[in-house]
Amino acid sequence: MKVLAMDMGGTFIKYAVCNVSPKGDIKFLYKDRFRTSYEDVVHGATVVENMAKEAAQIIKKHKEIECICASIGGVVDCDNYMVLGSEHKFKGYNNVSVKEIFAKHCKLPLYIINDVKAGGLGELKYGALKNDQYSDACFIAIGTGVASVSIINGKLYLGNSWAAGECGPMVVNGHYFEPHWTLPSVIRRCKEIDKSIETAEECLEKAKKNRFIKNIIDTWFVGIVDAVLNHVYILNPKYIVFGGKISEHKYFNLKVFKNLMLKTCRQPPINSVNDVKLIKAKLGNDAALYGVASLAINRDYKIERIKESKR
Amino acid sequence: MKLLAIDVGGTFIKWAIVIKEKNRIKFLDSGKYKNAEKEEHPDSKTIVHNIAKFADKMHLENPDMVAVCSTFGGPIDTENSMTFTIHQKYSNHHDINLKEEFAKFCKLPFYVVNDVRGGALGEITYGVLKGKKNVSAIFFPIGTGICAALINNGQIYSGDQYQAGECGPMVVNNHYFENHYAVPALIKRCQEVDKTIVDGEDCLKKSKTNKSIKNVVDAWFVGLVEGVSSLIYMFNPTYFIFGGQIVEHKYFDLRIFKTLMIKNARQPVLNCIQDVKLVKAKLGNKAALYGVSTLVK
């Protein structure tokens with residue numbers, strides 16, 4: 001079947017028209033992206049509206065599309081097609097009905113999931129975890145924002161109110177994980193030393209020659225290590241999969257990272273830290289597109305959401 | 001059926017002879033004895049041998065006893081009665097088959113679970129979560145150490161190496177969570193102000209009249225809030241269950257705790273913090289004794 005897969009990012013909304021076979025094989029037929037917004041402070045509902053309008057245009061061009069699968073930022077209630085919570089970057093983003101907004105512009109069936117969860121699902125089914133799907137793992141995406149998803153026995157754990165893994169507000173070394181340890185903050189801090197720096201890759205590149213930038217990057221690494229250790233202590237996964245743009249960079253070295261984890265943690269390191277396997281995401285920026293596209297044929301991807309009930 | 005339930009603590013080993021009938025547990029007799037008479041930190045083989053000798057003695061007095069179920073510190077593979085890795089407190093505490101070691105001194109069937117998870121099992125079946133199904137929760141006893149048990153859909157989630165919830169080494173406010181925020185650390189800091197303080201409850205009580213102790217206790221609360229919030233962000237539970245003796249004190253006020261969580265959280269506050277229900281454990285010090293009894297089906 002033909003599927004329109006969309007992935008909402010902080011800067012761009014990526015989309016792909018893809019072919020999803022009944023077995024779950026995914027082939028991208030056409031890929032493109034458009035800007036999330038041209039404003040600094042983004043109204044969440046407006047972004048969803050833009051996404052829906054764009055989807056309508058794409059469907060006009062590709063008439064054979066049968067459904068839309070979208071990854072959305074924020075705390076996403078997949079059953080009721082709602083965004084429940086606010087993202088740091090987006091304002092006015094509480095209780096937004098994605099279904100209603102999309103229904104105004106396109107009539108095709110819609111499936112939604114949080115963007116990082118979609119990335120985790122992509123890596124689970126098609127990427128780094130493809131060959132060991134039933135082991136416990138944790139996918140951490142560090143980019144404009146930061147969030148994670150826990151994978152238990154081949155399924156995503158989404159928590160009581162869809163917010164499990166929303167580690168952005170976690171305090172790490174005296175700062176909120178997001179925004180202090182995310183890429184825009186690192187770039188800003190490096191830019192104070194070298195105004196020519198524009199990207200995180202440049203920060204890592206220049207850290208090799210500039211001692212001041214190296215200090216910033218080292219401190220950043222320590223912060224990320226602490227946050228990752230928290231994941232390991234709390235969830236004890238077999239794998240930590242690093243996603244997000246930074247993980248693709250050659251200077252983001254997992255051996256160095258693991259050594260730093262073992263050095264920084266309380267001594268002696270417990271098994272969960274010693275044995276955890278750090279791996280990089282395989283699908284890069286396309287992980288979320290793969291993840292959402294898979295929803296078209298298989299929606300049994302999550303541990304049933306916990307709803308309290310009396311016996 | 002009659003069981004011997006045992007809870008191995010750092011200082012004492014608590015025991016109870018219980019009758020388990022369907023969904024009910026009845027305590028017939030209970031008591032405690034010192035974990036180590038001579039050695040400061042006995043190794044885990046010694047501990048399990050001592051338990052087995054004690055169980056054998058109890059079996060002689062109670063011939064109708066059918067099984068022994070016990071908690072144990074550290075990462076435990078409950079299905080295979082194995083304990084793994086080095087536990088900081090005990091030497092020689094790695095890859096031991098507890099069942100085999102137990103069988104050297106007692107022939108009764110032996111079941112074992114990690115101590116915190118034992119408490120969580122008690123709260124699931126007989127305590128706070130009794131009668132509730134399909135809930136996720138974190139059981140978080142604050143005592144000599146700090147550790148949590150993650151509960152999903154009425155089941156304990158143990159992680160890949162049976163260490164999920166081992167949050168003691170997490171860094172909170174520049175300190176290891178366990179080293180700085182467990183009860184002994186709080187007592188130590190309060191004792192620097194008032195040497196007469198003997199336990200955690202004393203710290204809370206005296207914080208109402210002594211400003212310096214209040215500052216220590218307030219800082220302790222802020223650290224706990226930070227650590228607890230991290231657990232909630234990661235797991236997003238329906239219930240967060242506080243256990244341990246200090247929590248039972250009336251000055252450990254969960255309304256204040258929640259207010260502090262919301263105040264210290266990044267704004268706007270995520271729904272996982274807003275919606276989580278903070279509750280105190282119902283079974284107190286007996287939670288683990290109740291919990292281990294559920295291991296025998």
# chains A, B, ... in the order shown; residues from 1 in each chain; ligands from 1

call {"tool": "interface_residues", "arguments": {"of": "chain A", "to": "chain B", "cutoff": "8 Å", "atoms": "only C-alpha atoms", "output": "ChimeraX atom specification"}}
result
/A:84-86,135-136,158-167,169-174,176,226,229-238,265-266,268,270-272,306-311

call {"tool": "write_last_selection", "arguments": {"atoms": "C-alpha atoms", "output": "PDB file, in the first residue's frame"}}
result
ATOM      1  CA  LEU A  84      -1.494  16.326  25.563  1.00  0.00           C
ATOM      2  CA  GLY A  85       1.607  18.155  26.704  1.00  0.00           C
ATOM      3  CA  SER A  86       3.827  21.009  25.781  1.00  0.00           C
ATOM      4  CA  SER A 135      15.839  -7.457  24.236  1.00  0.00           C
ATOM      5  CA  ASP A 136      15.271  -4.453  26.485  1.00  0.00           C
ATOM      6  CA  LEU A 158       4.662   4.653  26.692  1.00  0.00           C
ATOM      7  CA  GLY A 159       3.697   5.002  30.356  1.00  0.00           C
ATOM      8  CA  ASN A 160       0.512   5.927  32.150  1.00  0.00           C
ATOM      9  CA  SER A 161      -0.123   9.185  30.299  1.00  0.00           C
ATOM     10  CA  TRP A 162       1.988   8.684  27.168  1.00  0.00           C
ATOM     11  CA  ALA A 163       4.898  10.612  28.690  1.00  0.00           C
ATOM     12  CA  ALA A 164       7.406   7.881  29.562  1.00  0.00           C
ATOM     13  CA  GLY A 165      10.867   8.888  28.376  1.00  0.00           C
ATOM     14  CA  GLU A 166      10.130  12.609  28.312  1.00  0.00           C
ATOM     15  CA  CYS A 167      13.466  13.237  29.968  1.00  0.00           C
ATOM     16  CA  PRO A 169      12.806  18.296  32.141  1.00  0.00           C
ATOM     17  CA  MET A 170      15.101  15.939  34.094  1.00  0.00           C
ATOM     18  CA  VAL A 171      17.760  17.829  36.059  1.00  0.00           C
ATOM     19  CA  VAL A 172      21.265  16.865  34.933  1.00  0.00           C
ATOM     20  CA  ASN A 173      24.263  18.481  36.601  1.00  0.00           C
ATOM     21  CA  GLY A 174      22.151  21.349  37.903  1.00  0.00           C
ATOM     22  CA  TYR A 176      17.340  20.835  32.807  1.00  0.00           C
ATOM     23  CA  ASP A 226      25.055  11.619  33.460  1.00  0.00           C
ATOM     24  CA  LEU A 229      23.555   6.828  33.201  1.00  0.00           C
ATOM     25  CA  ASN A 230      20.183   7.803  34.694  1.00  0.00           C
ATOM     26  CA  HIS A 231      18.488   5.891  31.886  1.00  0.00           C
ATOM     27  CA  VAL A 232      20.701   2.874  32.514  1.00  0.00           C
ATOM     28  CA  TYR A 233      20.150   2.898  36.289  1.00  0.00           C
ATOM     29  CA  ILE A 234      16.387   3.294  36.052  1.00  0.00           C
ATOM     30  CA  LEU A 235      15.615   1.039  33.077  1.00  0.00           C
ATOM     31  CA  ASN A 236      18.603  -1.337  32.916  1.00  0.00           C
ATOM     32  CA  PRO A 237      18.425  -1.866  29.136  1.00  0.00           C
ATOM     33  CA  LYS A 238      20.656  -4.208  27.158  1.00  0.00           C
ATOM     34  CA  CYS A 265      29.634   6.459  37.727  1.00  0.00           C
ATOM     35  CA  ARG A 266      29.669   5.480  41.378  1.00  0.00           C
ATOM     36  CA  PRO A 268      32.343  -0.037  41.571  1.00  0.00           C
ATOM     37  CA  ILE A 270      27.069  -2.005  38.762  1.00  0.00           C
ATOM     38  CA  ASN A 271      26.273  -4.607  36.087  1.00  0.00           C
ATOM     39  CA  SER A 272      23.748  -2.466  34.297  1.00  0.00           C
ATOM     40  CA  ILE A 306      -2.004   1.460  31.481  1.00  0.00           C
ATOM     41  CA  LYS A 307      -5.522   2.489  32.403  1.00  0.00           C
ATOM     42  CA  GLU A 308      -6.363   2.211  36.060  1.00  0.00           C
ATOM     43  CA  SER A 309      -9.312   0.012  36.794  1.00  0.00           C
ATOM     44  CA  LYS A 310     -10.692  -1.747  39.842  1.00  0.00           C
ATOM     45  CA  ARG A 311     -10.751  -5.494  39.912  1.00  0.00           C
TER      46      ARG A 311
END

call {"tool": "residues_around", "arguments": {"residues": "Ile146 of chain B", "least_positions_apart": "4", "cutoff": "6 Å", "atoms": "only C-alpha atoms", "output": "PDB file with N, CA, C and O atoms, in the first residue's frame"}}
result
ATOM      1  N   ILE B 142      12.554   4.412  51.171  1.00  0.00           N
ATOM      2  CA  ILE B 142      13.700   5.224  51.600  1.00  0.00           C
ATOM      3  C   ILE B 142      14.144   4.668  52.945  1.00  0.00           C
ATOM      4  O   ILE B 142      13.382   4.699  53.918  1.00  0.00           O
ATOM      5  N   GLY B 168      20.184   4.193  43.145  1.00  0.00           N
ATOM      6  CA  GLY B 168      21.114   4.681  44.173  1.00  0.00           C
ATOM      7  C   GLY B 168      22.324   5.421  43.619  1.00  0.00           C
ATOM      8  O   GLY B 168      22.709   6.461  44.138  1.00  0.00           O
ATOM      9  N   GLU B 178      21.865   7.671  46.617  1.00  0.00           N
ATOM     10  CA  GLU B 178      21.827   6.811  47.805  1.00  0.00           C
ATOM     11  C   GLU B 178      22.741   7.340  48.914  1.00  0.00           C
ATOM     12  O   GLU B 178      22.322   7.461  50.072  1.00  0.00           O
ATOM     13  N   ALA B 182      19.820   8.822  51.371  1.00  0.00           N
ATOM     14  CA  ALA B 182      19.264   7.731  52.177  1.00  0.00           C
ATOM     15  C   ALA B 182      19.217   8.219  53.629  1.00  0.00           C
ATOM     16  O   ALA B 182      19.853   9.222  53.985  1.00  0.00           O
TER      17      ALA B 182
END

call {"tool": "residues_around", "arguments": {"residues": "segment 13-23 of chain B", "least_positions_apart": "5", "cutoff": "8 Å", "atoms": "only C-alpha atoms", "output": "compact mmCIF listing (two decimals) with N, CA and C atoms, in the first residue's frame"}}
result
# COMPACT_ATOMS: atom_id res chain seq x y z
N MET B 1 -1.49 -23.02 53.11
CA MET B 1 -0.17 -23.62 53.30
C MET B 1 0.68 -22.76 54.21
N LYS B 2 1.55 -23.44 54.93
CA LYS B 2 2.39 -22.73 55.90
C LYS B 2 3.77 -22.45 55.29
N LEU B 3 4.17 -21.19 55.39
CA LEU B 3 5.46 -20.78 54.79
C LEU B 3 6.33 -20.07 55.82
N LEU B 4 7.62 -20.10 55.56
CA LEU B 4 8.53 -19.24 56.33
C LEU B 4 8.95 -18.11 55.40
N ALA B 5 8.54 -16.88 55.77
CA ALA B 5 8.91 -15.71 54.98
C ALA B 5 10.07 -15.01 55.66
N ILE B 6 11.07 -14.64 54.86
CA ILE B 6 12.27 -14.02 55.42
C ILE B 6 12.60 -12.75 54.65
N ASP B 7 12.96 -11.70 55.38
CA ASP B 7 13.38 -10.46 54.72
C ASP B 7 14.78 -10.10 55.22
N VAL B 8 15.76 -10.21 54.30
CA VAL B 8 17.15 -9.95 54.68
C VAL B 8 17.43 -8.45 54.59
N LEU B 28 1.43 -16.03 61.77
CA LEU B 28 1.28 -16.82 62.99
C LEU B 28 2.31 -16.40 64.04
N ASP B 29 3.49 -16.17 63.57
CA ASP B 29 4.58 -15.82 64.49
C ASP B 29 5.60 -15.01 63.70
N SER B 30 6.26 -14.10 64.35
CA SER B 30 7.29 -13.33 63.62
C SER B 30 8.38 -12.88 64.58
N GLY B 31 9.49 -12.47 64.02
CA GLY B 31 10.60 -12.01 64.84
C GLY B 31 11.74 -11.50 63.98
N LYS B 32 12.84 -11.17 64.63
CA LYS B 32 14.01 -10.75 63.84
C LYS B 32 15.28 -11.13 64.59
N TYR B 33 16.35 -11.29 63.85
CA TYR B 33 17.64 -11.51 64.49
C TYR B 33 18.71 -10.77 63.71
N LYS B 34 19.85 -10.54 64.35
CA LYS B 34 20.92 -9.76 63.71
C LYS B 34 21.47 -10.49 62.50
N ASN B 35 21.66 -9.73 61.43
CA ASN B 35 22.19 -10.31 60.19
C ASN B 35 23.57 -10.92 60.43
N LEU B 289 7.81 -9.17 53.62
CA LEU B 289 7.37 -10.47 54.13
C LEU B 289 6.08 -10.91 53.43
N SER B 293 5.86 -14.02 50.16
CA SER B 293 4.86 -15.09 50.27
C SER B 293 4.13 -15.30 48.95

call {"tool": "atom_distance", "arguments": {"atom1": "atom CA of Asp7 of chain A", "atom2": "atom CA of Ala287 of chain A"}}
result
9.5 Å

call {"tool": "select_by_dssp", "arguments": {"residues": "segment 62-274 of chain B", "states": "alpha helix (DSSP H)", "output": "PyMOL selection string"}}
result
chain B and resi 98-103+115-125+177-181+183-191+200-206+211-235+254-264+271-274

call {"tool": "residues_around", "arguments": {"residues": "Asn114 of chain A", "least_positions_apart": "6", "cutoff": "12 Å", "atoms": "only C-alpha atoms", "output": "PyMOL selection string"}}
result
chain A and resi 6-9+69-79+81-85+87+98+120-121+147-149+156+158+162-166+288-289+291-292

call {"tool": "select_by_dssp", "arguments": {"residues": "segment 89-223 of chain B", "states": "strand (DSSP E or B)", "output": "number ranges by chain"}}
result
B: 96-97, 110-114, 132-133, 136-142, 146, 149-152, 155-157, 171-172, 175-176

call {"tool": "write_last_selection", "arguments": {"atoms": "N, CA, C and O atoms", "output": "CSV table (one decimal), in the first residue's frame"}}
result
chain,number,residue,atom,x,y,z
B,96,ILE,N,26.0,-16.4,42.4
B,96,ILE,CA,25.8,-17.5,43.4
B,96,ILE,C,24.4,-18.1,43.2
B,96,ILE,O,23.5,-17.3,43.0
B,97,ASN,N,24.4,-19.4,43.1
B,97,ASN,CA,23.1,-20.0,43.0
B,97,ASN,C,22.5,-20.2,44.4
B,97,ASN,O,22.9,-21.1,45.2
B,110,PHE,N,13.0,-23.4,48.1
B,110,PHE,CA,13.4,-22.1,48.4
B,110,PHE,C,13.1,-21.1,47.3
B,110,PHE,O,13.4,-21.4,46.1
B,111,TYR,N,12.5,-20.0,47.6
B,111,TYR,CA,12.2,-19.0,46.6
B,111,TYR,C,12.8,-17.7,47.0
B,111,TYR,O,12.8,-17.3,48.2
B,112,VAL,N,13.3,-16.9,46.1
B,112,VAL,CA,14.0,-15.7,46.4
B,112,VAL,C,13.7,-14.6,45.5
B,112,VAL,O,13.5,-14.8,44.3
B,113,VAL,N,13.7,-13.3,46.0
B,113,VAL,CA,13.5,-12.2,45.2
B,113,VAL,C,14.3,-11.0,45.8
B,113,VAL,O,14.6,-11.0,47.0
B,114,ASN,N,14.6,-10.0,44.9
B,114,ASN,CA,15.3,-8.9,45.4
B,114,ASN,C,14.5,-8.2,46.5
B,114,ASN,O,13.3,-8.2,46.4
B,132,LYS,N,-6.4,-3.2,42.4
B,132,LYS,CA,-6.3,-2.3,41.2
B,132,LYS,C,-5.6,-3.2,40.2
B,132,LYS,O,-4.5,-3.7,40.4
B,133,LYS,N,-6.1,-3.1,39.0
B,133,LYS,CA,-5.3,-3.9,37.9
B,133,LYS,C,-5.0,-2.9,36.8
B,133,LYS,O,-5.5,-1.8,36.7
B,136,SER,N,0.5,1.2,36.4
B,136,SER,CA,1.9,1.2,36.4
B,136,SER,C,2.3,2.0,37.7
B,136,SER,O,1.6,2.9,38.1
B,137,ALA,N,3.4,1.6,38.3
B,137,ALA,CA,3.7,2.2,39.6
B,137,ALA,C,5.2,2.1,39.8
B,137,ALA,O,5.9,1.3,39.2
B,138,ILE,N,5.7,3.0,40.7
B,138,ILE,CA,7.1,2.8,41.2
B,138,ILE,C,7.0,2.7,42.7
B,138,ILE,O,6.3,3.5,43.4
B,139,PHE,N,7.6,1.7,43.2
B,139,PHE,CA,7.7,1.5,44.7
B,139,PHE,C,9.1,2.0,45.1
B,139,PHE,O,10.1,1.5,44.5
B,140,PHE,N,9.1,2.9,46.0
B,140,PHE,CA,10.4,3.6,46.3
B,140,PHE,C,10.6,3.7,47.9
B,140,PHE,O,10.1,4.6,48.5
B,141,PRO,N,11.2,2.6,48.4
B,141,PRO,CA,11.5,2.7,49.9
B,141,PRO,C,12.7,3.6,50.2
B,141,PRO,O,13.7,3.4,49.5
B,142,ILE,N,12.6,4.4,51.2
B,142,ILE,CA,13.7,5.2,51.6
B,142,ILE,C,14.1,4.7,52.9
B,142,ILE,O,13.4,4.7,53.9
B,146,ILE,N,18.8,3.5,48.9
B,146,ILE,CA,17.7,4.0,48.0
B,146,ILE,C,17.7,3.1,46.8
B,146,ILE,O,18.7,2.9,46.1
B,149,ALA,N,11.4,-0.1,42.6
B,149,ALA,CA,11.0,-1.2,41.8
B,149,ALA,C,9.9,-0.7,40.9
B,149,ALA,O,9.1,0.1,41.2
B,150,LEU,N,10.1,-1.1,39.6
B,150,LEU,CA,9.2,-0.6,38.6
B,150,LEU,C,8.1,-1.6,38.3
B,150,LEU,O,8.4,-2.8,38.2
B,151,ILE,N,6.9,-1.2,38.4
B,151,ILE,CA,5.7,-2.1,38.2
B,151,ILE,C,4.9,-1.7,37.0
B,151,ILE,O,4.5,-0.5,36.8
B,152,ASN,N,4.7,-2.7,36.1
B,152,ASN,CA,4.0,-2.4,34.9
B,152,ASN,C,2.9,-3.5,34.8
B,152,ASN,O,3.2,-4.6,34.7
B,155,GLN,N,3.0,-6.3,37.1
B,155,GLN,CA,4.2,-7.2,37.1
B,155,GLN,C,5.4,-6.3,37.4
B,155,GLN,O,5.5,-5.1,37.0
B,156,ILE,N,6.4,-6.9,38.0
B,156,ILE,CA,7.7,-6.2,38.2
B,156,ILE,C,8.5,-6.2,37.0
B,156,ILE,O,8.7,-7.3,36.3
B,157,TYR,N,9.0,-5.0,36.6
B,157,TYR,CA,9.9,-5.0,35.4
B,157,TYR,C,11.3,-4.9,36.0
B,157,TYR,O,11.7,-4.0,36.7
B,171,VAL,N,23.1,10.6,40.0
B,171,VAL,CA,23.6,11.8,40.6
B,171,VAL,C,22.4,12.8,40.7
B,171,VAL,O,21.7,13.1,39.8
B,172,VAL,N,22.2,13.2,42.0
B,172,VAL,CA,21.2,14.2,42.3
B,172,VAL,C,21.8,15.3,43.0
B,172,VAL,O,22.4,15.1,44.1
B,175,HIS,N,25.3,14.9,44.1
B,175,HIS,CA,25.6,13.8,45.0
B,175,HIS,C,25.0,12.5,44.5
B,175,HIS,O,24.0,12.5,43.8
B,176,TYR,N,25.6,11.4,44.9
B,176,TYR,CA,25.0,10.1,44.6
B,176,TYR,C,23.7,10.0,45.4
B,176,TYR,O,23.7,10.3,46.6

call {"tool": "closest_residue", "arguments": {"among": "B:Tyr181, B:Phe252, B:Tyr126, B:Phe240", "to": "Gly143 of chain B", "atoms": "only C-alpha atoms"}}
result
B:Tyr181

call {"tool": "residues_around", "arguments": {"residues": "Ala185 of chain B", "least_positions_apart": "5", "cutoff": "10 Å", "atoms": "only C-alpha atoms", "output": "JSON list (two decimals) with N, CA and C atoms, in the first residue's frame"}}
result
[["chain", "number", "residue", "atom", "x", "y", "z"],
["B", 144, "THR", "N", 17.97, 2.52, 54.68],
["B", 144, "THR", "CA", 19.44, 2.47, 54.72],
["B", 144, "THR", "C", 20.00, 2.74, 53.33],
["B", 145, "GLY", "N", 19.28, 2.30, 52.32],
["B", 145, "GLY", "CA", 19.67, 2.56, 50.94],
["B", 145, "GLY", "C", 18.52, 3.20, 50.19],
["B", 178, "GLU", "N", 21.87, 7.67, 46.62],
["B", 178, "GLU", "CA", 21.83, 6.81, 47.80],
["B", 178, "GLU", "C", 22.74, 7.34, 48.91],
["B", 179, "ASN", "N", 23.97, 7.68, 48.54],
["B", 179, "ASN", "CA", 24.94, 8.09, 49.55],
["B", 179, "ASN", "C", 24.47, 9.33, 50.31],
["B", 180, "HIS", "N", 23.79, 10.24, 49.61],
["B", 180, "HIS", "CA", 23.48, 11.53, 50.21],
["B", 180, "HIS", "C", 22.04, 11.64, 50.70],
["B", 190, "CYS", "N", 22.01, 15.82, 60.33],
["B", 190, "CYS", "CA", 21.24, 16.42, 61.43],
["B", 190, "CYS", "C", 22.01, 16.30, 62.75],
["B", 191, "GLN", "N", 22.73, 15.19, 62.90],
["B", 191, "GLN", "CA", 23.50, 14.99, 64.14],
["B", 191, "GLN", "C", 24.61, 16.03, 64.29],
["B", 200, "GLY", "N", 15.59, 8.83, 61.69],
["B", 200, "GLY", "CA", 15.01, 9.70, 60.67],
["B", 200, "GLY", "C", 13.79, 10.46, 61.17],
["B", 220, "TRP", "N", 17.18, 18.07, 52.02],
["B", 220, "TRP", "CA", 16.97, 16.63, 51.78],
["B", 220, "TRP", "C", 15.72, 16.43, 50.92]]

call {"tool": "atom_distance", "arguments": {"atom1": "atom CA of Gly118 of chain B", "atom2": "atom CA of Ala67 of chain B"}}
result
16.1 Å

call {"tool": "closest_residue", "arguments": {"among": "B:Met82, B:Cys69, B:Val228, B:Leu98", "to": "Thr46 of chain B", "atoms": "only C-alpha atoms"}}
result
B:Leu98
